[in-house]
Every structure is written in structure tokens, then in C-alpha cells.
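Q: What follows is a structure written as C-alpha cells; I'll ask about it next.
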Amino acid sequence: MRRLFNTLFYKQQQRTRLQLFSFNYTPTMAAPYHTKIVPVNPLHFQFEQTTHGDDFAEQNAKPVIADPKDQTAIEEAAQLLTAGDAVGIPTETVYGLAANALSADAVAKIFAAKNRPQDNPLIVHVSSLAMLKRILPNNTIPPVYQQVIKHHWPGPLTIIVPTSDLIPTQITCGQPTVAVRFPSHPVARALINQCDFPLAAPSANSSGKPSTTLASHVFDDLKGRIPLILDGGPCNVGVESTVLDGLRNPPAILRPGGVTYESLSSLPGMEGLQVYRKDFIDRALEQAPTTPGMKYRHYSPEAKVILLENAADPHTFERQWKQELEKQEKPVRRLGLLVTSKDTPSVVNHQGVECIPVFMGRGEHPEEVARGVFKGLRDLDTQNVDLIFVQGIPETAEGMAVMNRLRKAASKVIEL
Ligand code: TXA
Ligand code: MG
């Protein structure tokens with residue numbers, strides 16, 4: 001196995017070098033595929049700890065797949081990935097569009113299928129600490145991440161580490177660092193383990209659209225552009241991973257996500273933890289698109305989105321959207337209401353405007369809203385609404401990630 005891994009590394013290095021010499025490299029659009037959706041049941045996967053008593057026994061656990069059908073699905077996906085294709089996969093955060101992270105050609109297919117800007121770097125996904133070490137300079141994990149990894153890996157947390165020659169520049173977009181995550185989703189974890197090479201994977205939406213939390217979302221955006229989507233059911237977290245840069249002093253959350261500020265800030269190594277845009281702004285970061293969602297339009301449905309902050313009370317929300325609706329210059333026939341309180345009427349008609357409420361989850365339970373936010377935006381798009389009003393939630397726990405995504409999706413934010 002080790003030898004196979006090294007061979008792949010070597011081949012990759014050769015290819016990356018060739019790529020650097022090729023002038024003005026642009027990936028060609030993927031040939032049209034018949035996109036197959038294969039179900040996999042995450043409950044059929046178990047992870048057996050082999051290093052008992054070890055601090056990192058959890059991270060070193062090995063997958064055991066109970067059902068041969070799931071094993072076959074994993075093998076089919078691994079074969080495509082080994083051959084250099086891009087595959088839609090479930091993770092605990094959102095569905096990812098995965099490809100071999102050590103192959104510049106495979107990574108190019110991700111950019112082409114998603115229509116992703118070439119200067120937006122990707123996250124590399126590993127399934128063991130040994131795999132992480134193999135891609136790091138001197139095989140060394142920066143000590144600042146010791147406790148963070150112990151507490152939050154596998155899970156919805158991405159760490160920024162120094163990059164190495166093994167990682168194609170297409171992934172890092174020329175940065176000296178690379179973003180790495182160890183997903184906890186059994187299917188993603190078992191698949192990376194089966195491949196025995198790390199997978200680069202952005203969210204599996206077409207660039208600019210809301211992220212994908214169901215296999216059907218991936219199909220809607222990428223059908224005909226990829227050969228396979230593994231359907232592992234709905235994503236449990238619903239928003240992307242937290243991007244943590246521990247190489248900065250003090251450390252900083254570049255993108256809030258599934259792992260909360262509250263659960264990171266008290267860990268050794270995270271003293272003085274800051275949140276980008278809340279606590280500081282860095283000019284260099286603003287120019288390079290390494291602060292997710294800063295440079296490009298993100299998470300946007302077709303309809304215009306207006307976010308009403310501090311509108312947790314349903315009456316305040318209703319009063320406010322009605323006022324805002326009157327100010328709209330373009331005619332609104334169908335109005336989407338993305339709500340976080342249950343006592344909103346199911347279908348209403350307001351002065352001839354058809355109102356379509358979609359419930360994201362209870363505002364007092366931000367983890368519910370996180371699970372429902374992207375699906376809510378997508379559902380309203382399929383209902384062909386002209387305008388969406390969103391009922392914001394407090395920025396505590398997962399609420400920070402939710403509000404971060406909603407602010408980027410919105411063309412107007414109203415603070416009440
Ligand atoms: O939960 C997730 O993280 C999902 C699933 C599929 O794992 N992936 C995901 O990938 O959200 P993506 O490409 O949508 O977002 C990755 C973000 C990029 O927007 C980029 O700004 C940031 O990670 N990133 C990547 N490399 C970086 C680096 N070297 N320094 C700082 N930020 C980086
Ligand atoms: Mg994304």
C-alpha cells in the first residue's frame with residue numbers, strides 16, 4: 001500500500017511539474033456523462049479502533065462495512081477517483097465534489113464541472129493522521145493543532161497547514177498553505193481510506209449557487225458533468241466546515257462553520273482566537289480569495305435575497321418584510337419567506353402577492369437552522385419566487401455560520 005501511495009505521489013509530482021511548464025493552462029470542460037446516483041447507507045459503516053489507549057485512537061480507527069452493496073459502491077467510486085474522475089460524495093457538512101488531491105489533472109475536473117474560479121483554493125480531505133503527515137513538509141503536524149485535532153477530528157473543521165511539493169498548485173492557488181479536513185461522515189471517511197490518497201473536495205454546487213445538502217441538489221447542479229454521485233442521505237451539519245488558521249498569531253477562524261467558536265476558543269493553542277471580519281480584517285486576505293466567500297458571489301439562489309437581522313419575533317419579521325416589500329421597484333408576484341419560527345402561516349396572500357413560507361429550523365436551535373438553510377434557499381428557487389425575505393437568527397454557536405452564509409447570499413441586509 002505504502003509503495004502504491006508513493007508511486008502515486010511520484011507520478012503526481014511529475015505531472016505537476018509538467019503542468020507548471022505548460023503555458024496558460026485552462027482545463028477543458030468535462031465530456032458529457034450519464035450521471036449515476038448510487039445509494040449508500042452511512043449506518044452500515046463502523047469504525048473499529050485499533051490503537052486502544054492511544055490519544056488519537058478515534059482518528060486511527062479503520063472502517064468496517066457491513067453490507068456488500070455499500071462496499072461495492074465505495075469500490076466503484078474509488079475506481080473512478082483513481083482513474084482521475086470527479087465524484088459527488090456525502091460529507092457531514094455538505095456534499096462535496098471529490099477528486100484525487102495529488103493529481104493536477106483530476107483537480108482540474110473539479111474546477112471545470114463546478115465552473116469554479118481558478119484562484120479559489122480547495123480543501124484536501126484525509127482519513128487518517130498518517131495520511132495528513134504524508135502530505136506535510138517533514139511529515140510534521142504543526143503543534144498548535146494538537147488539541148484541536150484531538151477534540152474535533154474527524155469532524156467539520158478545516159485547518160490551514162504549510163503546503164508541500166505533493167500538493168498541486170491548482171489546489172492551493174499558489175498559496176504557501178493548504179487547507180485540510182478529516183471528515184467524520186462514514187462514507188467520505190471509508191472512501192478516502194479505500195482510495196489511499198487524499199481527496200480535494202469543494203462543495204458540490206455549481207459555483208455561486210447555494211451549497212448542496214442532498215444528492216438531488218448535486219444532481220440538479222452537476223448532472224452530465226460527473227459520472228457518479230454517492231447518495232448518503234441528508235447532510236447532518238448542513239453548513240460547511242469551520243476554516244481555522246492556527247498558523248496566525250493569534251489564531252483565526254477564516255470561515256465560521258460546523259465547529260463553533262465557543263468549542264474552539266477554550267482549547268490549548270487557541271488562546272486569543274479571533275473571527276475574521278468580526279475581530280479583524282486583513283488586506284492581503286481580502287485580495288486573495290482565501291477567506292471563503294469574500295471575493296466571489298456565493299450561495300445565491302436565482303431570486304433576490306433580503307436578510308432581516310434581529311427579527312426572531314414573528315410579528316417583527318412580518319411587519320418588516322411588509323414594509324420592505326412596498327419599497328421594491330421590480331414587481332413581485334411570488335414571495336419566498338425563509339423562516340425560523342414555526343408559527344408562520346403556511347400559505348398567505350398579501351395584497352395580491354403570493355407568499356410561500358419555508359421553515360429552516362427553530363431559531364433557538366441554530367444547529368437545526370444550519371441543517372435547513374441551503375435546502376431552504378434551493379427549495380424556494382424551485383418554487384420560482386421573485387424575492388426572498390429571510391428571518392435571521394442570533395450569532396451564537398452554529399448561528400455564526402448560518403448568518404455568515406445568509407449575509408453572503410443576500411443582496412441587502414437590514415439590521416433592525
Ligand atoms: O465542509 C466543507 O469544508 C466542504 C466539504 C465538501 O468538505 N467543502 C468546502 O469547500 O466548503 P469549498 O471549496 O466550498 O470551500 C473551501 C474554502 C475556500 O473558499 C477557500 O477560501 C478556503 O476554503 N481555503 C482553501 N485553501 C485555503 C488556504 N490555503 N488558506 C485559507 N483558506 C483556504
Ligand atoms: Mg463552496
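Just remember, in the C-alpha cells the first chain shown is A, the second B, etc., residues are 1-based per chain, and ligands are 1-based in the order shown.
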Would you give me, as a Markdown table, each residue of chain A having an atom within 7 Å of an atom of ligand 1, along with its shortest atom pair and that distance in Å to one decimal, using only C-alpha atoms and all ligand atoms and sorting by chain and residue number?
A:
| residue | atom | partner | partner_atom_place_in_ligand_line | distance |
| --- | --- | --- | --- | --- |
| A:Thr91 | CA | ligand 1 | 5 (C) | 6.2 |
| A:Thr93 | CA | ligand 1 | 1 (O) | 4.8 |
| A:Val94 | CA | ligand 1 | 5 (C) | 5.4 |
| A:Tyr95 | CA | ligand 1 | 6 (C) | 5.4 |
| A:Gly96 | CA | ligand 1 | 6 (C) | 3.6 |
| A:Leu97 | CA | ligand 1 | 6 (C) | 6.7 |
| A:Asn120 | CA | ligand 1 | 20 (C) | 5.9 |
| A:Pro121 | CA | ligand 1 | 25 (C) | 4.3 |
| A:Leu122 | CA | ligand 1 | 25 (C) | 4.6 |
| A:Ile123 | CA | ligand 1 | 25 (C) | 5.1 |
| A:Pro156 | CA | ligand 1 | 1 (O) | 6.0 |
| A:Thr158 | CA | ligand 1 | 3 (O) | 6.5 |
| A:Ile160 | CA | ligand 1 | 30 (N) | 5.9 |
| A:Thr172 | CA | ligand 1 | 29 (N) | 5.5 |
| A:Gln175 | CA | ligand 1 | 29 (N) | 5.8 |
| A:Thr177 | CA | ligand 1 | 29 (N) | 4.4 |
| A:Val178 | CA | ligand 1 | 29 (N) | 4.0 |
| A:Ala179 | CA | ligand 1 | 26 (N) | 4.4 |
| A:Pro183 | CA | ligand 1 | 7 (O) | 6.9 |
| A:Ala201 | CA | ligand 1 | 6 (C) | 5.1 |
| A:Pro202 | CA | ligand 1 | 10 (O) | 3.3 |
| A:Ser203 | CA | ligand 1 | 14 (O) | 4.3 |
| A:Ala204 | CA | ligand 1 | 6 (C) | 6.9 |
| A:Val239 | CA | ligand 1 | 1 (O) | 6.7 |
| A:Glu240 | CA | ligand 1 | 1 (O) | 3.4 |
| A:Ser241 | CA | ligand 1 | 1 (O) | 3.7 |
| A:Thr242 | CA | ligand 1 | 3 (O) | 7.0 |
| A:Val243 | CA | ligand 1 | 23 (O) | 6.5 |
| A:Leu254 | CA | ligand 1 | 32 (N) | 6.9 |
| A:Pro289 | CA | ligand 1 | 21 (O) | 5.4 |
| A:Thr290 | CA | ligand 1 | 21 (O) | 3.6 |
| A:Thr291 | CA | ligand 1 | 21 (O) | 4.6 |
| A:Pro292 | CA | ligand 1 | 19 (O) | 3.5 |
| A:Gly293 | CA | ligand 1 | 19 (O) | 5.8 |
Q: Please list as a list of chain:residue names every residue within 9 Å of region 393-403 of chain A, counting only C-alpha atoms and excluding residues in the same chain fewer than 3 positions away.
A: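 The contact residues come out as A:Val239, A:Glu240, A:Thr242, A:Arg255, A:Pro256, A:Gly257, A:Gly258, A:Val259, A:Thr260, A:Tyr261, A:Glu262, A:Ser263, A:Glu309, A:Asn310, A:Ala311, A:Ala312, A:Thr340, A:Gly363, A:Glu364, A:His365, A:Pro366, A:Glu367, A:Glu368, A:Val369, A:Ala370, A:Val373, A:Leu406, A:Arg407, A:Lys408.
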Q: Name the residues in contact with region 32-48 of chain A at a cut-off of 10 Å, using only C-alpha atoms, excluding same-chain residues fewer than 3 positions from it; report them as a PyMOL selection string.
A: chain A and resi 29+51-52+57-74+76-77+87-88+90+185-190+215-216+218-219+222-233
Q: Print the selection's residues with N, CA and C atoms to a file, as a tab-separated table (two decimals), in the first residue's frame.
A:
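Ended up saving to out09.tsv:
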chain	number	residue	atom	x	y	z
A	29	MET	N	-13.67	21.52	-20.56
A	29	MET	CA	-14.91	21.12	-19.92
A	29	MET	C	-15.05	19.60	-19.99
A	51	THR	N	-5.90	1.15	17.95
A	51	THR	CA	-4.80	1.57	18.84
A	51	THR	C	-5.40	2.00	20.19
A	52	HIS	N	-5.88	1.04	20.96
A	52	HIS	CA	-6.55	1.36	22.23
A	52	HIS	C	-5.61	2.08	23.19
A	57	ALA	N	-6.77	7.36	19.19
A	57	ALA	CA	-7.37	6.07	18.79
A	57	ALA	C	-8.55	6.29	17.85
A	58	GLU	N	-9.34	7.30	18.13
A	58	GLU	CA	-10.52	7.62	17.32
A	58	GLU	C	-10.11	7.95	15.88
A	59	GLN	N	-9.05	8.76	15.76
A	59	GLN	CA	-8.60	9.19	14.43
A	59	GLN	C	-7.93	8.03	13.66
A	60	ASN	N	-7.45	7.03	14.39
A	60	ASN	CA	-6.76	5.92	13.72
A	60	ASN	C	-7.68	4.74	13.42
A	61	ALA	N	-8.97	4.88	13.77
A	61	ALA	CA	-9.90	3.75	13.58
A	61	ALA	C	-10.06	3.39	12.11
A	62	LYS	N	-10.35	2.13	11.85
A	62	LYS	CA	-10.46	1.63	10.47
A	62	LYS	C	-11.91	1.24	10.16
A	63	PRO	N	-12.35	1.53	8.91
A	63	PRO	CA	-13.75	1.23	8.58
A	63	PRO	C	-14.03	-0.27	8.41
A	64	VAL	N	-15.24	-0.65	8.86
A	64	VAL	CA	-15.75	-2.00	8.61
A	64	VAL	C	-17.12	-1.79	7.98
A	65	ILE	N	-17.32	-2.31	6.76
A	65	ILE	CA	-18.57	-2.07	6.04
A	65	ILE	C	-19.41	-3.34	6.10
A	66	ALA	N	-20.62	-3.22	6.71
A	66	ALA	CA	-21.43	-4.40	6.98
A	66	ALA	C	-22.06	-4.98	5.71
A	67	ASP	N	-22.53	-4.12	4.81
A	67	ASP	CA	-23.31	-4.59	3.66
A	67	ASP	C	-22.46	-4.59	2.39
A	68	PRO	N	-22.43	-5.73	1.68
A	68	PRO	CA	-21.62	-5.79	0.45
A	68	PRO	C	-22.02	-4.74	-0.59
A	69	LYS	N	-23.31	-4.33	-0.59
A	69	LYS	CA	-23.76	-3.31	-1.56
A	69	LYS	C	-23.03	-1.99	-1.32
A	70	ASP	N	-22.87	-1.65	-0.04
A	70	ASP	CA	-22.17	-0.40	0.29
A	70	ASP	C	-20.68	-0.52	-0.07
A	71	GLN	N	-20.14	-1.71	0.18
A	71	GLN	CA	-18.73	-1.96	-0.16
A	71	GLN	C	-18.53	-1.77	-1.67
A	72	THR	N	-19.47	-2.32	-2.46
A	72	THR	CA	-19.38	-2.21	-3.92
A	72	THR	C	-19.45	-0.74	-4.35
A	73	ALA	N	-20.35	0.02	-3.71
A	73	ALA	CA	-20.50	1.45	-4.06
A	73	ALA	C	-19.19	2.19	-3.78
A	74	ILE	N	-18.60	1.90	-2.63
A	74	ILE	CA	-17.34	2.56	-2.27
A	74	ILE	C	-16.25	2.20	-3.28
A	76	GLU	N	-16.65	1.28	-6.41
A	76	GLU	CA	-16.94	1.91	-7.70
A	76	GLU	C	-16.46	3.37	-7.69
A	77	ALA	N	-16.78	4.06	-6.60
A	77	ALA	CA	-16.35	5.47	-6.50
A	77	ALA	C	-14.83	5.56	-6.46
A	87	VAL	N	-16.11	12.87	-8.42
A	87	VAL	CA	-17.30	12.15	-7.94
A	87	VAL	C	-17.99	12.96	-6.84
A	88	GLY	N	-19.33	12.99	-6.86
A	88	GLY	CA	-20.08	13.66	-5.79
A	88	GLY	C	-20.18	12.75	-4.57
A	90	PRO	N	-21.12	12.34	-0.13
A	90	PRO	CA	-21.68	12.98	1.07
A	90	PRO	C	-20.59	13.25	2.09
A	185	HIS	N	-18.01	11.91	8.19
A	185	HIS	CA	-19.06	11.14	7.53
A	185	HIS	C	-18.50	9.76	7.17
A	186	PRO	N	-19.21	8.69	7.63
A	186	PRO	CA	-18.67	7.34	7.41
A	186	PRO	C	-18.35	7.05	5.94
A	187	VAL	N	-19.20	7.55	5.03
A	187	VAL	CA	-19.00	7.25	3.60
A	187	VAL	C	-17.74	7.96	3.08
A	188	ALA	N	-17.61	9.24	3.42
A	188	ALA	CA	-16.43	10.01	2.97
A	188	ALA	C	-15.15	9.38	3.55
A	189	ARG	N	-15.25	9.05	4.83
A	189	ARG	CA	-14.08	8.51	5.53
A	189	ARG	C	-13.65	7.16	4.94
A	190	ALA	N	-14.63	6.27	4.73
A	190	ALA	CA	-14.32	4.95	4.17
A	190	ALA	C	-13.82	5.07	2.73
A	215	ALA	N	-28.18	14.57	-2.23
A	215	ALA	CA	-27.63	14.09	-3.50
A	215	ALA	C	-28.41	14.70	-4.68
A	216	SER	N	-29.71	14.94	-4.48
A	216	SER	CA	-30.51	15.51	-5.57
A	216	SER	C	-30.06	16.94	-5.90
A	218	VAL	N	-26.94	17.91	-5.82
A	218	VAL	CA	-25.74	17.73	-6.64
A	218	VAL	C	-26.15	17.38	-8.07
A	219	PHE	N	-27.15	16.50	-8.17
A	219	PHE	CA	-27.64	16.10	-9.49
A	219	PHE	C	-28.19	17.32	-10.24
A	222	LEU	N	-24.99	19.39	-11.25
A	222	LEU	CA	-23.83	18.83	-11.98
A	222	LEU	C	-24.17	17.65	-12.90
A	223	LYS	N	-25.45	17.41	-13.12
A	223	LYS	CA	-25.81	16.27	-13.99
A	223	LYS	C	-25.17	16.42	-15.36
A	224	GLY	N	-24.64	15.30	-15.86
A	224	GLY	CA	-23.97	15.32	-17.16
A	224	GLY	C	-22.52	15.77	-17.08
A	225	ARG	N	-22.11	16.28	-15.91
A	225	ARG	CA	-20.73	16.78	-15.79
A	225	ARG	C	-19.84	15.85	-14.98
A	226	ILE	N	-20.46	14.90	-14.27
A	226	ILE	CA	-19.68	13.93	-13.47
A	226	ILE	C	-20.30	12.55	-13.63
A	227	PRO	N	-19.49	11.47	-13.47
A	227	PRO	CA	-20.04	10.14	-13.71
A	227	PRO	C	-20.88	9.58	-12.57
A	228	LEU	N	-20.62	10.02	-11.32
A	228	LEU	CA	-21.23	9.33	-10.18
A	228	LEU	C	-21.48	10.27	-9.00
A	229	ILE	N	-22.62	10.03	-8.33
A	229	ILE	CA	-22.89	10.70	-7.05
A	229	ILE	C	-23.22	9.59	-6.05
A	230	LEU	N	-22.51	9.56	-4.93
A	230	LEU	CA	-22.88	8.62	-3.86
A	230	LEU	C	-23.95	9.32	-3.02
A	231	ASP	N	-25.10	8.66	-2.86
A	231	ASP	CA	-26.20	9.25	-2.10
A	231	ASP	C	-26.22	8.67	-0.69
A	232	GLY	N	-25.74	9.45	0.26
A	232	GLY	CA	-25.71	9.01	1.66
A	232	GLY	C	-26.79	9.68	2.49
A	233	GLY	N	-27.82	10.22	1.84
A	233	GLY	CA	-28.90	10.89	2.58
A	233	GLY	C	-28.54	12.33	2.89
Q: Please provide as number ranges by chain all residues within 8 Å of Leu307 (chain A), with the sequence filter that same-chain residues fewer than 3 positions apart are discarded (counting only C-alpha atoms).
A: A: 389-392, 406-407, 410, 412-414
Q: With only C-alpha atoms and all ligand atoms as the basis for distance, which of A:Arg181, A:Arg116, A:His217, A:Arg333 is at the shortest distance from ligand 2?
A: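 Of A:Arg181, A:Arg116, A:His217, A:Arg333, the one nearest ligand 2 is A:Arg116, counting only C-alpha atoms and all ligand atoms.
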